[in-house]
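Text of start_8.pdb, listed as PDB, C-alpha atoms, pLDDT in the B column:
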```pdb
ATOM      1  CA  MET S   1       6.702 -21.192  48.077  1.00 66.00           C
ATOM      2  CA  ASP S   2       3.544 -21.320  50.020  1.00 87.00           C
ATOM      3  CA  LEU S   3       0.088 -21.910  48.591  1.00 88.00           C
ATOM      4  CA  PHE S   4      -1.009 -18.270  48.950  1.00 89.00           C
ATOM      5  CA  SER S   5       1.920 -16.960  46.798  1.00 90.00           C
ATOM      6  CA  MET S   6       1.258 -19.478  44.045  1.00 91.00           C
ATOM      7  CA  LEU S   7      -2.437 -18.636  44.044  1.00 92.00           C
ATOM      8  CA  MET S   8      -1.672 -14.906  43.705  1.00 92.00           C
ATOM      9  CA  ILE S   9       0.659 -15.548  40.744  1.00 93.00           C
ATOM     10  CA  VAL S  10      -2.000 -17.636  38.975  1.00 93.00           C
ATOM     11  CA  ILE S  11      -4.674 -14.969  39.583  1.00 93.00           C
ATOM     12  CA  ALA S  12      -2.327 -12.247  38.280  1.00 93.00           C
ATOM     13  CA  MET S  13      -1.652 -14.275  35.097  1.00 93.00           C
ATOM     14  CA  PHE S  14      -5.372 -14.780  34.447  1.00 92.00           C
ATOM     15  CA  ALA S  15      -6.047 -11.069  34.999  1.00 91.00           C
ATOM     16  CA  LEU S  16      -3.263 -10.175  32.569  1.00 90.00           C
ATOM     17  CA  PHE S  17      -4.620 -12.501  29.870  1.00 90.00           C
ATOM     18  CA  TYR S  18      -8.159 -11.195  30.414  1.00 90.00           C
ATOM     19  CA  PHE S  19      -7.200  -7.545  29.939  1.00 87.00           C
ATOM     20  CA  MET S  20      -4.974  -8.306  26.934  1.00 87.00           C
ATOM     21  CA  ASN S  21      -7.817 -10.167  25.197  1.00 89.00           C
ATOM     22  CA  LYS S  22     -10.282  -7.423  26.068  1.00 88.00           C
ATOM     23  CA  ASN S  23      -8.083  -4.758  24.416  1.00 85.00           C
ATOM     24  CA  GLN S  24      -7.495  -6.944  21.372  1.00 87.00           C
ATOM     25  CA  ARG S  25     -11.236  -7.586  20.930  1.00 89.00           C
ATOM     26  CA  ARG S  26     -11.934  -3.848  21.210  1.00 89.00           C
ATOM     27  CA  ARG S  27      -9.340  -3.053  18.506  1.00 85.00           C
ATOM     28  CA  GLN S  28     -10.764  -5.747  16.209  1.00 83.00           C
ATOM     29  CA  GLU S  29     -14.293  -4.381  16.644  1.00 87.00           C
ATOM     30  CA  GLN S  30     -13.078  -0.860  15.867  1.00 83.00           C
ATOM     31  CA  ALA S  31     -11.288  -2.079  12.720  1.00 75.00           C
ATOM     32  CA  GLN S  32     -14.373  -3.984  11.529  1.00 76.00           C
ATOM     33  CA  GLU S  33     -16.589  -0.972  12.175  1.00 81.00           C
ATOM     34  CA  MET S  34     -14.178   1.272  10.266  1.00 77.00           C
ATOM     35  CA  ILE S  35     -14.189  -1.106   7.286  1.00 71.00           C
ATOM     36  CA  ARG S  36     -18.004  -1.321   7.349  1.00 73.00           C
ATOM     37  CA  THR S  37     -18.331   2.468   7.276  1.00 75.00           C
ATOM     38  CA  MET S  38     -15.900   2.989   4.385  1.00 80.00           C
ATOM     39  CA  GLU S  39     -17.454   4.226   1.188  1.00 83.00           C
ATOM     40  CA  PRO S  40     -16.292   3.656  -2.380  1.00 88.00           C
ATOM     41  CA  GLY S  41     -14.021   6.472  -3.479  1.00 88.00           C
ATOM     42  CA  ASN S  42     -12.163   6.781  -0.163  1.00 87.00           C
ATOM     43  CA  TRP S  43      -8.382   6.454  -0.226  1.00 90.00           C
ATOM     44  CA  VAL S  44      -7.193   3.657   2.071  1.00 90.00           C
ATOM     45  CA  ILE S  45      -3.878   2.182   3.170  1.00 89.00           C
ATOM     46  CA  THR S  46      -3.221  -1.546   3.528  1.00 90.00           C
ATOM     47  CA  SER S  47      -1.038  -3.251   6.097  1.00 89.00           C
ATOM     48  CA  THR S  48       1.740  -3.475   3.468  1.00 92.00           C
ATOM     49  CA  GLY S  49       1.728   0.282   2.840  1.00 90.00           C
ATOM     50  CA  PHE S  50      -0.212   0.192  -0.447  1.00 91.00           C
ATOM     51  CA  TYR S  51      -2.412   3.224  -1.106  1.00 91.00           C
ATOM     52  CA  GLY S  52      -5.519   2.759  -3.205  1.00 92.00           C
ATOM     53  CA  ARG S  53      -8.984   4.141  -3.779  1.00 92.00           C
ATOM     54  CA  LEU S  54     -11.698   1.795  -2.500  1.00 92.00           C
ATOM     55  CA  VAL S  55     -13.882   0.608  -5.379  1.00 93.00           C
ATOM     56  CA  ASP S  56     -15.967  -2.102  -3.671  1.00 90.00           C
ATOM     57  CA  ILE S  57     -15.991  -4.596  -0.808  1.00 87.00           C
ATOM     58  CA  ASP S  58     -17.401  -7.982  -1.785  1.00 87.00           C
ATOM     59  CA  GLY S  59     -17.442 -10.350   1.178  1.00 85.00           C
ATOM     60  CA  ASP S  60     -13.836 -10.815   2.290  1.00 87.00           C
ATOM     61  CA  VAL S  61     -12.361  -9.097  -0.793  1.00 91.00           C
ATOM     62  CA  ALA S  62     -11.680  -5.376  -1.112  1.00 90.00           C
ATOM     63  CA  ILE S  63     -11.147  -3.992  -4.609  1.00 93.00           C
ATOM     64  CA  LEU S  64      -8.693  -1.088  -4.626  1.00 94.00           C
ATOM     65  CA  GLU S  65      -7.827   1.169  -7.548  1.00 94.00           C
ATOM     66  CA  THR S  66      -4.382   2.726  -8.013  1.00 89.00           C
ATOM     67  CA  ALA S  67      -3.805   6.310  -9.119  1.00 85.00           C
ATOM     68  CA  ASP S  68      -3.400   5.150 -12.741  1.00 89.00           C
ATOM     69  CA  GLY S  69      -6.713   3.229 -12.702  1.00 90.00           C
ATOM     70  CA  THR S  70      -5.486  -0.343 -12.213  1.00 93.00           C
ATOM     71  CA  GLU S  71      -7.795  -2.393  -9.977  1.00 94.00           C
ATOM     72  CA  THR S  72      -6.263  -4.826  -7.487  1.00 94.00           C
ATOM     73  CA  TYR S  73      -7.911  -7.345  -5.185  1.00 94.00           C
ATOM     74  CA  TRP S  74      -7.020  -7.476  -1.474  1.00 93.00           C
ATOM     75  CA  ALA S  75      -8.178  -9.452   1.539  1.00 91.00           C
ATOM     76  CA  ARG S  76     -10.552  -7.170   3.452  1.00 87.00           C
ATOM     77  CA  GLN S  77      -8.527  -7.651   6.637  1.00 84.00           C
ATOM     78  CA  MET S  78      -5.455  -6.113   4.936  1.00 89.00           C
ATOM     79  CA  VAL S  79      -7.168  -2.700   4.714  1.00 87.00           C
ATOM     80  CA  LEU S  80      -6.036  -0.797   7.804  1.00 84.00           C
ATOM     81  CA  ARG S  81      -7.756   2.552   7.625  1.00 84.00           C
ATOM     82  CA  ALA S  82      -8.936   5.391   5.425  1.00 83.00           C
ATOM     83  CA  GLN S  83      -6.000   7.688   4.728  1.00 82.00           C
ATOM     84  CA  GLU S  84      -5.144  10.144   1.989  1.00 82.00           C
ATOM     85  CA  PRO S  85      -1.967   9.225   0.082  1.00 80.00           C
ATOM     86  CA  PRO S  86       1.200  11.233   0.768  1.00 81.00           C
ATOM     87  CA  PHE S  87       1.424  12.116  -2.928  1.00 77.00           C
ATOM     88  CA  ALA S  88      -0.723  14.509  -4.904  1.00 71.00           C
ATOM     89  CA  VAL S  89      -3.272  12.837  -7.152  1.00 65.00           C
ATOM     90  CA  ASP S  90      -4.286  15.217  -9.905  1.00 62.00           C
ATOM     91  CA  GLU S  91      -5.540  13.915 -13.241  1.00 56.00           C
ATOM     92  CA  ASP S  92      -4.434  17.030 -15.184  1.00 54.00           C
ATOM     93  CA  ASN S  93      -0.879  16.846 -13.831  1.00 47.00           C
ATOM     94  CA  ALA S  94      -0.700  13.131 -14.612  1.00 45.00           C
ATOM     95  CA  MET S  95      -1.570  13.852 -18.243  1.00 45.00           C
ATOM     96  CA  ASP S  96       1.030  16.646 -18.441  1.00 47.00           C
ATOM     97  CA  ALA S  97       3.715  14.326 -17.050  1.00 43.00           C
ATOM     98  CA  THR S  98       2.848  11.647 -19.609  1.00 43.00           C
ATOM     99  CA  GLU S  99       3.021  14.147 -22.463  1.00 49.00           C
ATOM    100  CA  SER S 100       6.383  15.513 -21.288  1.00 44.00           C
ATOM    101  CA  GLU S 101       7.796  11.971 -21.133  1.00 45.00           C
ATOM    102  CA  HIS S 102       6.819  11.456 -24.775  1.00 48.00           C
ATOM    103  CA  CYS S 103       8.469  14.759 -25.706  1.00 50.00           C
ATOM    104  CA  ASP S 104      11.674  13.737 -23.924  1.00 48.00           C
ATOM    105  CA  ASP S 105      11.684  10.395 -25.784  1.00 49.00           C
ATOM    106  CA  ASP S 106      11.419  12.209 -29.117  1.00 49.00           C
ATOM    107  CA  ALA S 107      14.273  14.521 -28.165  1.00 48.00           C
ATOM    108  CA  LEU S 108      16.463  11.550 -27.264  1.00 48.00           C
ATOM    109  CA  THR S 109      15.643   9.805 -30.533  1.00 48.00           C
ATOM    110  CA  ASN S 110      16.474  12.889 -32.585  1.00 49.00           C
ATOM    111  CA  SER S 111      19.759  13.516 -30.780  1.00 46.00           C
ATOM    112  CA  ALA S 112      20.771   9.868 -31.243  1.00 47.00           C
ATOM    113  CA  ASP S 113      20.380  10.285 -35.030  1.00 50.00           C
ATOM    114  CA  ASP S 114      22.934  13.113 -34.969  1.00 50.00           C
ATOM    115  CA  LEU S 115      25.637  10.913 -33.420  1.00 49.00           C
ATOM    116  CA  PRO S 116      27.901   8.793 -35.627  1.00 53.00           C
ATOM    117  CA  SER S 117      27.068   5.131 -35.513  1.00 51.00           C
ATOM    118  CA  SER S 118      29.490   2.638 -34.007  1.00 48.00           C
ATOM    119  CA  ARG S 119      29.961   1.059 -37.446  1.00 51.00           C
ATOM    120  CA  ASP S 120      31.308   4.355 -38.831  1.00 50.00           C
ATOM    121  CA  GLU S 121      33.797   4.569 -35.956  1.00 49.00           C
ATOM    122  CA  SER S 122      34.990   0.988 -36.359  1.00 48.00           C
ATOM    123  CA  SER S 123      35.523   1.366 -40.089  1.00 48.00           C
ATOM    124  CA  ALA S 124      37.426   4.617 -39.526  1.00 50.00           C
ATOM    125  CA  GLY S 125      39.583   2.910 -36.943  1.00 51.00           C
ATOM    126  CA  SER S 126      40.337  -0.086 -39.151  1.00 49.00           C
ATOM    127  CA  SER S 127      41.277   2.096 -42.128  1.00 49.00           C
ATOM    128  CA  SER S 128      43.868   3.967 -40.074  1.00 48.00           C
ATOM    129  CA  THR S 129      45.484   0.766 -38.811  1.00 52.00           C
ATOM    130  CA  SER S 130      45.812  -0.702 -42.344  1.00 48.00           C
ATOM    131  CA  SER S 131      47.771   2.334 -43.639  1.00 45.00           C
TER     132      SER S 131
END
```
Is it possible to express this structure as structure tokens?
Amino acid sequence: MDLFSMLMIVIAMFALFYFMNKNQRRRQEQAQEMIRTMEPGNWVITSTGFYGRLVDIDGDVAILETADGTETYWARQMVLRAQEPPFAVDEDNAMDATESEHCDDDALTNSADDLPSSRDESSAGSSSTSS
């Protein structure tokens, strides 16, 4: 190869690296700006797919709250963007679902009392084999 061809390849590589870094810096600045403008109460998504309501950002830590009120601590860089969750968050419906679960548990407990116990079956089986 001649000197001119090698020089063109080197210049092309430097140009490629320059534009790649420029785009990456722009994306990082946009992400930092987005995180700075987030307000407590916004729903956000993390890079792992976790949805939570932003409670506070303290330095490099973001405090997110789940739909049931549990607070979790995340690295600020893990928060990707503000996004509403794909599920409906309604406090009244959550209470109704909890109450219906308790009703179903009571129904299962009552129906289990109506069934014969395993001890009754084993004693009935042993009495028939001894005859």
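Residues in contact with range 39-44 of chain S at up to 6 Å, not including ones fewer than 6 positions away on its chain and judged by all atoms listed in the file, are Tyr51, Gly52, Arg53, Leu54, Val55, Asp56, Arg81, Ala82, Gln83 and Glu84 of chain S.
Pairwise distance (CA of Gln30 in chain S, CA of Glu71 in chain S) equals 26.4 Å.
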Practice item. Given the file shown, determine the residues that the PyMOL selection byres ((chain S and resi 58) around 12) selects; report them as an NGL selection string. Key: :S and (35-36 or 40 or 54-57 or 59-64 or 73-76)
Residue selection dump (C-alpha atoms) as a PDB file, in the coordinates of the input:
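Contents of selection_18.pdb, as written:
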```
ATOM      1  CA  ILE S  35     -14.189  -1.106   7.286  1.00 71.00           C
ATOM      2  CA  ARG S  36     -18.004  -1.321   7.349  1.00 73.00           C
ATOM      3  CA  PRO S  40     -16.292   3.656  -2.380  1.00 88.00           C
ATOM      4  CA  LEU S  54     -11.698   1.795  -2.500  1.00 92.00           C
ATOM      5  CA  VAL S  55     -13.882   0.608  -5.379  1.00 93.00           C
ATOM      6  CA  ASP S  56     -15.967  -2.102  -3.671  1.00 90.00           C
ATOM      7  CA  ILE S  57     -15.991  -4.596  -0.808  1.00 87.00           C
ATOM      8  CA  GLY S  59     -17.442 -10.350   1.178  1.00 85.00           C
ATOM      9  CA  ASP S  60     -13.836 -10.815   2.290  1.00 87.00           C
ATOM     10  CA  VAL S  61     -12.361  -9.097  -0.793  1.00 91.00           C
ATOM     11  CA  ALA S  62     -11.680  -5.376  -1.112  1.00 90.00           C
ATOM     12  CA  ILE S  63     -11.147  -3.992  -4.609  1.00 93.00           C
ATOM     13  CA  LEU S  64      -8.693  -1.088  -4.626  1.00 94.00           C
ATOM     14  CA  TYR S  73      -7.911  -7.345  -5.185  1.00 94.00           C
ATOM     15  CA  TRP S  74      -7.020  -7.476  -1.474  1.00 93.00           C
ATOM     16  CA  ALA S  75      -8.178  -9.452   1.539  1.00 91.00           C
ATOM     17  CA  ARG S  76     -10.552  -7.170   3.452  1.00 87.00           C
TER      18      ARG S  76
END
```
Review point. So how many Å separate CA of Glu65 in chain S and CA of Thr48 in chain S, to one decimal?
Key: 15.3 Å
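Taking CA of Leu80 in chain S as the reference point, CA of Ala15 in chain S is found at 29.1 Å.
Nearest-residue note for Met78 in chain S: choosing from S:Ile11, S:Leu16, S:Ala31, S:Met38, the minimum distance belongs to S:Ala31, counting only C-alpha atoms.
The residue that comes closest to Ser47 in chain S, out of S:Val10, S:Val79, S:Met20, S:Ala67 and on the basis of only C-alpha atoms, is S:Val79.
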